[in-house]
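Asks: run.cif (mmCIF, C-alpha atoms) pasted underneath:
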data_work
#
loop_
_atom_site.label_atom_id
_atom_site.label_comp_id
_atom_site.auth_asym_id
_atom_site.auth_seq_id
_atom_site.Cartn_x
_atom_site.Cartn_y
_atom_site.Cartn_z
CA MET Y 28 -18.05 -10.96 4.44
CA THR Y 29 -17.76 -12.28 7.94
CA THR Y 30 -18.81 -11.65 11.50
CA ILE Y 31 -16.28 -10.77 14.15
CA ILE Y 32 -17.17 -9.35 17.53
CA GLY Y 33 -15.02 -8.09 20.35
CA LEU Y 34 -16.00 -7.77 23.97
CA GLN Y 35 -13.96 -5.52 26.22
CA LYS Y 36 -14.04 -6.59 29.87
CA GLU Y 37 -12.32 -4.97 32.84
CA ASP Y 38 -9.52 -7.53 33.10
CA HIS Y 39 -9.54 -9.14 29.64
CA CYS Y 40 -11.03 -9.05 26.17
CA LEU Y 41 -12.63 -11.62 23.90
CA LEU Y 42 -12.49 -11.76 20.12
CA ILE Y 43 -15.00 -14.09 18.46
CA ALA Y 44 -15.18 -14.93 14.74
CA ASP Y 45 -17.30 -17.12 12.53
CA SER Y 46 -15.67 -19.68 10.24
CA ARG Y 47 -17.13 -18.96 6.79
CA ILE Y 48 -14.67 -17.53 4.28
CA THR Y 49 -16.26 -16.34 1.06
CA ASP Y 50 -14.85 -14.79 -2.11
CA ASP Y 51 -16.51 -12.01 -4.11
CA GLY Y 52 -18.38 -14.58 -6.20
CA GLY Y 53 -19.92 -16.29 -3.17
CA ARG Y 54 -17.69 -19.37 -3.21
CA THR Y 55 -16.80 -20.59 0.28
CA TYR Y 56 -13.41 -21.79 1.46
CA SER Y 57 -12.38 -23.84 4.45
CA HIS Y 58 -8.88 -24.71 5.61
CA SER Y 59 -7.20 -24.78 9.01
CA ASN Y 60 -4.59 -22.24 7.84
CA MET Y 61 -7.30 -19.69 7.06
CA GLN Y 62 -8.11 -18.07 10.40
CA LYS Y 63 -9.96 -14.81 10.94
CA ILE Y 64 -8.19 -14.22 14.26
CA THR Y 65 -4.42 -14.59 14.39
CA LYS Y 66 -1.73 -13.98 16.97
CA ARG Y 67 1.26 -11.81 16.04
CA GLY Y 68 3.62 -11.34 18.96
CA LYS Y 69 1.62 -9.75 21.78
CA PHE Y 70 -1.24 -8.86 19.44
CA LEU Y 71 -4.48 -10.60 18.53
CA ILE Y 72 -5.63 -9.50 15.08
CA ALA Y 73 -9.08 -10.12 13.66
CA GLY Y 74 -9.60 -9.09 10.05
CA ALA Y 75 -12.66 -8.67 7.85
CA GLY Y 76 -13.07 -7.47 4.29
CA LEU Y 77 -10.50 -7.51 1.52
CA THR Y 78 -8.25 -10.56 1.68
CA GLN Y 79 -4.99 -8.92 0.59
CA PRO Y 80 -4.64 -6.39 3.45
CA CYS Y 81 -5.92 -8.96 5.94
CA ASP Y 82 -3.32 -11.50 4.78
CA ILE Y 83 -0.52 -8.94 4.93
CA VAL Y 84 -1.41 -7.72 8.41
CA GLN Y 85 -2.27 -11.10 9.89
CA HIS Y 86 0.62 -13.11 8.42
CA ILE Y 87 3.47 -10.81 7.34
CA TRP Y 88 3.36 -7.68 9.53
CA LYS Y 89 5.88 -7.56 12.36
CA PRO Y 90 4.15 -5.55 15.09
CA PRO Y 91 6.15 -3.09 17.16
CA THR Y 92 6.93 -4.21 20.69
CA PRO Y 93 5.22 -2.05 23.29
CA THR Y 94 7.54 -0.59 25.90
CA PRO Y 95 6.51 -0.38 29.57
CA HIS Y 96 5.70 3.29 28.90
CA ALA Y 97 3.49 2.31 25.93
CA HIS Y 98 1.42 0.02 28.18
CA LYS Y 99 0.39 3.13 30.14
CA ASP Y 100 -1.21 4.69 27.06
CA LEU Y 101 -2.03 1.99 24.50
CA TYR Y 102 -4.24 4.31 22.46
CA HIS Y 103 -1.28 6.65 21.83
CA PHE Y 104 0.96 3.63 21.12
CA MET Y 105 -1.51 2.41 18.48
CA ILE Y 106 -1.54 5.82 16.76
CA GLU Y 107 2.17 6.58 17.09
CA SER Y 108 3.72 3.15 16.49
CA VAL Y 109 1.24 0.57 15.25
CA VAL Y 110 -0.51 2.55 12.50
CA PRO Y 111 2.71 3.81 10.83
CA SER Y 112 4.08 0.26 10.96
CA LEU Y 113 0.91 -1.07 9.32
CA ARG Y 114 1.05 1.58 6.58
CA VAL Y 115 4.66 0.72 5.74
CA THR Y 116 4.01 -3.03 5.68
CA LEU Y 117 0.85 -2.77 3.58
CA GLY Y 118 2.65 -0.59 1.02
CA ALA Y 119 5.78 -2.74 0.99
CA TYR Y 120 3.74 -5.83 0.18
CA GLY Y 121 1.77 -4.27 -2.64
CA TYR Y 122 -1.52 -3.14 -1.11
CA VAL Y 123 -2.70 0.03 -2.84
CA PRO Y 124 -6.11 1.35 -1.77
CA ASP Y 125 -8.55 1.90 -4.63
CA LYS Y 126 -9.92 5.35 -3.82
CA GLU Y 127 -12.48 5.07 -6.64
CA ASN Y 128 -14.08 1.88 -5.29
CA THR Y 129 -15.60 2.44 -1.86
CA ASP Y 130 -16.57 -1.25 -1.63
CA GLN Y 131 -12.86 -2.11 -1.39
CA ASP Y 132 -12.51 -1.96 2.36
CA PHE Y 133 -11.26 -3.89 5.34
CA MET Y 134 -11.43 -3.57 9.09
CA PHE Y 135 -9.50 -4.96 12.01
CA LEU Y 136 -10.06 -5.56 15.67
CA ILE Y 137 -6.62 -5.52 17.24
CA ALA Y 138 -6.12 -6.48 20.87
CA ILE Y 139 -3.01 -5.78 22.89
CA ASN Y 140 -2.68 -6.24 26.62
CA GLY Y 141 -6.35 -7.18 26.83
CA THR Y 142 -7.51 -3.94 25.18
CA ILE Y 143 -9.43 -3.88 21.87
CA PHE Y 144 -8.92 -1.26 19.18
CA GLU Y 145 -10.94 -1.05 15.97
CA LEU Y 146 -9.21 0.08 12.77
CA ASP Y 147 -10.96 0.86 9.52
CA GLU Y 148 -9.51 0.98 5.98
CA THR Y 149 -7.98 4.42 6.68
CA LEU Y 150 -6.27 2.86 9.73
CA SER Y 151 -8.09 5.23 12.05
CA VAL Y 152 -7.90 3.95 15.63
CA LEU Y 153 -11.33 3.72 17.25
CA LEU Y 154 -12.56 2.90 20.77
CA ARG Y 155 -16.09 2.29 22.08
CA ASP Y 156 -17.43 3.34 25.49
CA ASP Y 157 -19.60 0.24 25.78
CA GLY Y 158 -16.76 -2.19 24.97
CA ILE Y 159 -18.80 -3.93 22.26
CA TYR Y 160 -17.14 -4.15 18.85
CA GLY Y 161 -18.20 -5.70 15.56
CA ILE Y 162 -16.81 -5.87 12.04
CA GLY Y 163 -17.86 -7.68 8.90
CA SER Y 164 -21.13 -8.05 7.02
CA GLY Y 165 -22.89 -9.87 9.87
CA ALA Y 166 -21.71 -7.47 12.57
CA PRO Y 167 -24.85 -5.30 12.60
CA TYR Y 168 -26.93 -8.37 13.56
CA ALA Y 169 -24.49 -9.46 16.25
CA LEU Y 170 -24.12 -5.95 17.65
CA GLY Y 171 -27.88 -5.48 17.82
CA ALA Y 172 -28.25 -8.78 19.64
CA LEU Y 173 -25.46 -7.88 22.09
CA GLN Y 174 -27.01 -4.47 22.72
CA ALA Y 175 -30.30 -6.23 23.48
CA GLY Y 176 -28.56 -8.40 26.10
CA ALA Y 177 -27.72 -11.59 24.17
CA THR Y 178 -24.66 -13.64 25.03
CA TRP Y 179 -21.85 -13.62 22.48
CA ARG Y 180 -22.83 -17.14 21.40
CA LYS Y 181 -26.48 -16.17 20.82
CA ALA Y 182 -25.40 -12.97 19.03
CA MET Y 183 -23.22 -14.98 16.64
CA GLN Y 184 -26.07 -17.45 16.03
CA ILE Y 185 -28.38 -14.55 15.19
CA ALA Y 186 -25.78 -13.14 12.78
CA ALA Y 187 -25.41 -16.57 11.12
CA LYS Y 188 -29.16 -16.90 10.75
CA ASN Y 189 -29.48 -13.48 9.08
CA ASN Y 190 -26.24 -13.20 7.09
CA ILE Y 191 -25.34 -15.80 4.48
CA PHE Y 192 -21.64 -14.96 4.82
CA THR Y 193 -21.57 -16.04 8.49
CA ALA Y 194 -21.45 -19.62 9.76
CA SER Y 195 -20.39 -21.65 12.77
CA PRO Y 196 -18.25 -22.95 14.30
CA PHE Y 197 -17.37 -19.82 16.22
CA VAL Y 198 -13.76 -19.32 17.26
CA THR Y 199 -12.91 -17.43 20.44
CA HIS Y 200 -9.67 -15.92 21.68
CA ARG Y 201 -9.21 -14.43 25.14
CA GLN Y 202 -6.44 -12.01 26.04
CA ASN Y 203 -5.84 -10.99 29.64
CA LYS Y 204 -4.65 -7.57 30.74
#
Show me this structure written as structure tokens.
Replies:
Amino acid sequence: MTTIIGLQKEDHCLLIADSRITDDGGRTYSHSNMQKITKRGKFLIAGAGLTQPCDIVQHIWKPPTPTPHAHKDLYHFMIESVVPSLRVTLGAYGYVPDKENTDQDFMFLIAINGTIFELDETLSVLLRDDGIYGIGSGAPYALGALQAGATWRKAMQIAAKNNIFTASPFVTHRQNK
């Protein structure tokens, strides 16, 4: 219940998130410690969906350090090093996926070295040709607006107008390659 978009550029990436945090009952929360985009070492992590896995990954997980060789193939590094590390940390801190409840999901946009990767609840590593990413309940609105040529700011405003779980202010993080 959020809107997070990622924009992949040639020499950097942007992650943009709204600021509304909502529980399953619709109650909203606001506190400076509750951020949808966090920095962990050399990683930017944006999380949407279930709070428990987002909290574990964004505040407890100790990401692997990419070697110079890993920087040459970040996709492989994500699959070989990052995903196993995430699985271990999620399990160690008590996250157990509920295979019966398909509504129990989460997604991440993870940036390293200015490159965005999308991970779903299975921790599959996904990339987009167009460099436009979106997760959360308001993402379809923002993605549609971006595909139609809107700026990121206008896309987030459109998402906020059409999705009750999305609200300004919008927080941006830039990571250079």
Asks: One decimal, in Å: what's the spacing between atom CA of Gly52 of chain Y and atom CA of Pro80 of chain Y?
Replies: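 Interatomic distance here is 18.7 Å.
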Asks: Nearest residue to Ile137 of chain Y out of Y:Gln85, Y:Thr199, Y:Gln62, Y:Thr29, using only C-alpha atoms?
Replies: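 Checking each of Y:Gln85, Y:Thr199, Y:Gln62, Y:Thr29 against Ile137 of chain Y, counting only C-alpha atoms, the winner is Y:Gln85.
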Asks: Can you tell me which residues surround segment 181-194 of chain Y at a distance of at most 12 Å, considering only C-alpha atoms, apart from same-chain residues fewer than 4 positions away, and format the answer as a ChimeraX atom specification?
Replies: /Y:28-34,42-57,63,75-76,159,161-177,198-199
Asks: Can I get the selected residues back with C-alpha atoms, as an mmCIF file, keeping the file's coordinate frame?
Replies:
data_model
loop_
_atom_site.group_PDB
_atom_site.id
_atom_site.type_symbol
_atom_site.label_atom_id
_atom_site.label_comp_id
_atom_site.auth_asym_id
_atom_site.auth_seq_id
_atom_site.Cartn_x
_atom_site.Cartn_y
_atom_site.Cartn_z
ATOM 1 C CA MET Y 28 -18.050 -10.960 4.440
ATOM 2 C CA THR Y 29 -17.760 -12.280 7.940
ATOM 3 C CA THR Y 30 -18.810 -11.650 11.500
ATOM 4 C CA ILE Y 31 -16.280 -10.770 14.150
ATOM 5 C CA ILE Y 32 -17.170 -9.350 17.530
ATOM 6 C CA GLY Y 33 -15.020 -8.090 20.350
ATOM 7 C CA LEU Y 34 -16.000 -7.770 23.970
ATOM 8 C CA LEU Y 42 -12.490 -11.760 20.120
ATOM 9 C CA ILE Y 43 -15.000 -14.090 18.460
ATOM 10 C CA ALA Y 44 -15.180 -14.930 14.740
ATOM 11 C CA ASP Y 45 -17.300 -17.120 12.530
ATOM 12 C CA SER Y 46 -15.670 -19.680 10.240
ATOM 13 C CA ARG Y 47 -17.130 -18.960 6.790
ATOM 14 C CA ILE Y 48 -14.670 -17.530 4.280
ATOM 15 C CA THR Y 49 -16.260 -16.340 1.060
ATOM 16 C CA ASP Y 50 -14.850 -14.790 -2.110
ATOM 17 C CA ASP Y 51 -16.510 -12.010 -4.110
ATOM 18 C CA GLY Y 52 -18.380 -14.580 -6.200
ATOM 19 C CA GLY Y 53 -19.920 -16.290 -3.170
ATOM 20 C CA ARG Y 54 -17.690 -19.370 -3.210
ATOM 21 C CA THR Y 55 -16.800 -20.590 0.280
ATOM 22 C CA TYR Y 56 -13.410 -21.790 1.460
ATOM 23 C CA SER Y 57 -12.380 -23.840 4.450
ATOM 24 C CA LYS Y 63 -9.960 -14.810 10.940
ATOM 25 C CA ALA Y 75 -12.660 -8.670 7.850
ATOM 26 C CA GLY Y 76 -13.070 -7.470 4.290
ATOM 27 C CA ILE Y 159 -18.800 -3.930 22.260
ATOM 28 C CA GLY Y 161 -18.200 -5.700 15.560
ATOM 29 C CA ILE Y 162 -16.810 -5.870 12.040
ATOM 30 C CA GLY Y 163 -17.860 -7.680 8.900
ATOM 31 C CA SER Y 164 -21.130 -8.050 7.020
ATOM 32 C CA GLY Y 165 -22.890 -9.870 9.870
ATOM 33 C CA ALA Y 166 -21.710 -7.470 12.570
ATOM 34 C CA PRO Y 167 -24.850 -5.300 12.600
ATOM 35 C CA TYR Y 168 -26.930 -8.370 13.560
ATOM 36 C CA ALA Y 169 -24.490 -9.460 16.250
ATOM 37 C CA LEU Y 170 -24.120 -5.950 17.650
ATOM 38 C CA GLY Y 171 -27.880 -5.480 17.820
ATOM 39 C CA ALA Y 172 -28.250 -8.780 19.640
ATOM 40 C CA LEU Y 173 -25.460 -7.880 22.090
ATOM 41 C CA GLN Y 174 -27.010 -4.470 22.720
ATOM 42 C CA ALA Y 175 -30.300 -6.230 23.480
ATOM 43 C CA GLY Y 176 -28.560 -8.400 26.100
ATOM 44 C CA ALA Y 177 -27.720 -11.590 24.170
ATOM 45 C CA VAL Y 198 -13.760 -19.320 17.260
ATOM 46 C CA THR Y 199 -12.910 -17.430 20.440
#
Asks: Interatomic distance between atom CA of Met134 of chain Y and atom CA of Thr149 of chain Y?
Replies: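 Going from atom CA of Met134 of chain Y over to atom CA of Thr149 of chain Y covers 9.0 Å.
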Asks: Return as AutoDock Vina command-line options the box centre and box size in Å, one decimal, for an axis-aligned box around all listed atoms of segment 110-113 of chain Y padded by 3 Å per side.
Replies:
--center_x 1.8 --center_y 1.4 --center_z 10.9 --size_x 10.6 --size_y 10.9 --size_z 9.2
Asks: I would like the residues chosen by the PyMOL selection byres ((chain Y and resi 144) around 9) on the shown file; could you give them as a ChimeraX atom specification?
Replies: /Y:102,105,135-139,142-143,145-146,152-155,160
Asks: Kindly give the distance, in Å, that separates atom CA of Val84 of chain Y and atom CA of Cys40 of chain Y, rounded to a single decimal.
Replies: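 The value is 20.2 Å.
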Asks: Could you give me, as a list in words, the residues that sit within 10 Å of (-12.7, -3.8, 29.4) in the file's coordinates, counting all atoms listed in the file?
Replies: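 Residues with an atom close enough to that point: Leu34, Gln35, Lys36, Glu37, Asp38, His39, Cys40, Leu41, Gly141, Thr142, Ile143, Asp156, Asp157, Gly158, Ile159, Asn203 and Lys204 of chain Y.
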Asks: Counting only C-alpha atoms, which residue out of Y:Val115, Y:Leu77, Y:Val110, Y:Ile87 sits closest to Thr65 of chain Y?
Replies: Y:Ile87
Asks: Just want the 7 Å neighbourhood of Val109 of chain Y, counted on all atoms listed in the file, with same-chain residues fewer than 4 positions away dropped. Output as a JSON list (two decimals) with C-alpha atoms, in the coordinates of the input.
Replies:
[["chain", "number", "residue", "atom", "x", "y", "z"],
["Y", 90, "PRO", "CA", 4.15, -5.55, 15.09],
["Y", 91, "PRO", "CA", 6.15, -3.09, 17.16],
["Y", 104, "PHE", "CA", 0.96, 3.63, 21.12],
["Y", 105, "MET", "CA", -1.51, 2.41, 18.48],
["Y", 113, "LEU", "CA", 0.91, -1.07, 9.32]]
Asks: Between Y:Leu71, Y:Glu107, Y:Ser151, Y:His96, which has the minimum distance to Arg201 of chain Y (counting all atoms listed in the file)?
Replies: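 Closest to Arg201 of chain Y of all the choices is Y:Leu71.
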Asks: Return the single residue from Y:His58, Y:His200, Y:Arg180, Y:Arg114 that is closest to Phe70 of chain Y, with distances computed using only C-alpha atoms.
Replies: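 Ranking Y:His58, Y:His200, Y:Arg180, Y:Arg114 by distance to Phe70 of chain Y, first place goes to Y:His200.
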Asks: Have a look at Y:Cys81, Y:Asp132, Y:Asp125, Y:Thr92 and name the one nearest to Lys69 of chain Y; count all atoms listed in the file.
Replies: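 That would be Y:Thr92, the residue with the smallest distance to Lys69 of chain Y.
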Asks: Taking only C-alpha atoms into account, which of Y:Glu148, Y:Phe197, Y:Ile64, Y:Lys89 comes nearest Thr116 of chain Y?
Replies: Y:Lys89
Asks: Could you model N, CA, C and O atoms for segment 171-183 of chain Y and present them as a PDB file, in the coordinates of the input?
Replies:
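Result went into out20.pdb, see below:
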ATOM      1  N   GLY Y 171     -26.506  -5.706  17.352  1.00  0.00           N
ATOM      2  CA  GLY Y 171     -27.880  -5.480  17.820  1.00  0.00           C
ATOM      3  C   GLY Y 171     -28.276  -6.485  18.883  1.00  0.00           C
ATOM      4  O   GLY Y 171     -28.882  -6.126  19.898  1.00  0.00           O
ATOM      5  N   ALA Y 172     -27.929  -7.738  18.665  1.00  0.00           N
ATOM      6  CA  ALA Y 172     -28.250  -8.780  19.640  1.00  0.00           C
ATOM      7  C   ALA Y 172     -27.513  -8.534  20.958  1.00  0.00           C
ATOM      8  O   ALA Y 172     -28.100  -8.663  22.041  1.00  0.00           O
ATOM      9  N   LEU Y 173     -26.233  -8.172  20.866  1.00  0.00           N
ATOM     10  CA  LEU Y 173     -25.460  -7.880  22.090  1.00  0.00           C
ATOM     11  C   LEU Y 173     -26.040  -6.690  22.825  1.00  0.00           C
ATOM     12  O   LEU Y 173     -26.158  -6.712  24.063  1.00  0.00           O
ATOM     13  N   GLN Y 174     -26.416  -5.649  22.096  1.00  0.00           N
ATOM     14  CA  GLN Y 174     -27.010  -4.470  22.720  1.00  0.00           C
ATOM     15  C   GLN Y 174     -28.331  -4.804  23.418  1.00  0.00           C
ATOM     16  O   GLN Y 174     -28.690  -4.175  24.408  1.00  0.00           O
ATOM     17  N   ALA Y 175     -29.023  -5.807  22.889  1.00  0.00           N
ATOM     18  CA  ALA Y 175     -30.300  -6.230  23.480  1.00  0.00           C
ATOM     19  C   ALA Y 175     -30.101  -7.212  24.643  1.00  0.00           C
ATOM     20  O   ALA Y 175     -31.079  -7.664  25.232  1.00  0.00           O
ATOM     21  N   GLY Y 176     -28.839  -7.557  24.946  1.00  0.00           N
ATOM     22  CA  GLY Y 176     -28.560  -8.400  26.100  1.00  0.00           C
ATOM     23  C   GLY Y 176     -28.213  -9.847  25.789  1.00  0.00           C
ATOM     24  O   GLY Y 176     -28.071 -10.659  26.709  1.00  0.00           O
ATOM     25  N   ALA Y 177     -28.063 -10.205  24.520  1.00  0.00           N
ATOM     26  CA  ALA Y 177     -27.720 -11.590  24.170  1.00  0.00           C
ATOM     27  C   ALA Y 177     -26.286 -11.905  24.582  1.00  0.00           C
ATOM     28  O   ALA Y 177     -25.442 -11.020  24.678  1.00  0.00           O
ATOM     29  N   THR Y 178     -26.025 -13.174  24.812  1.00  0.00           N
ATOM     30  CA  THR Y 178     -24.660 -13.640  25.030  1.00  0.00           C
ATOM     31  C   THR Y 178     -23.918 -13.563  23.699  1.00  0.00           C
ATOM     32  O   THR Y 178     -24.549 -13.468  22.630  1.00  0.00           O
ATOM     33  N   TRP Y 179     -22.589 -13.659  23.737  1.00  0.00           N
ATOM     34  CA  TRP Y 179     -21.850 -13.620  22.480  1.00  0.00           C
ATOM     35  C   TRP Y 179     -22.247 -14.789  21.588  1.00  0.00           C
ATOM     36  O   TRP Y 179     -22.350 -14.646  20.374  1.00  0.00           O
ATOM     37  N   ARG Y 180     -22.474 -15.955  22.190  1.00  0.00           N
ATOM     38  CA  ARG Y 180     -22.830 -17.140  21.400  1.00  0.00           C
ATOM     39  C   ARG Y 180     -24.176 -16.930  20.686  1.00  0.00           C
ATOM     40  O   ARG Y 180     -24.314 -17.192  19.497  1.00  0.00           O
ATOM     41  N   LYS Y 181     -25.170 -16.424  21.412  1.00  0.00           N
ATOM     42  CA  LYS Y 181     -26.480 -16.170  20.820  1.00  0.00           C
ATOM     43  C   LYS Y 181     -26.388 -15.072  19.748  1.00  0.00           C
ATOM     44  O   LYS Y 181     -27.005 -15.173  18.685  1.00  0.00           O
ATOM     45  N   ALA Y 182     -25.572 -14.052  20.006  1.00  0.00           N
ATOM     46  CA  ALA Y 182     -25.400 -12.970  19.030  1.00  0.00           C
ATOM     47  C   ALA Y 182     -24.802 -13.507  17.726  1.00  0.00           C
ATOM     48  O   ALA Y 182     -25.233 -13.131  16.632  1.00  0.00           O
ATOM     49  N   MET Y 183     -23.829 -14.399  17.841  1.00  0.00           N
ATOM     50  CA  MET Y 183     -23.220 -14.980  16.640  1.00  0.00           C
ATOM     51  C   MET Y 183     -24.224 -15.885  15.915  1.00  0.00           C
ATOM     52  O   MET Y 183     -24.262 -15.917  14.683  1.00  0.00           O
TER      53      MET Y 183
END
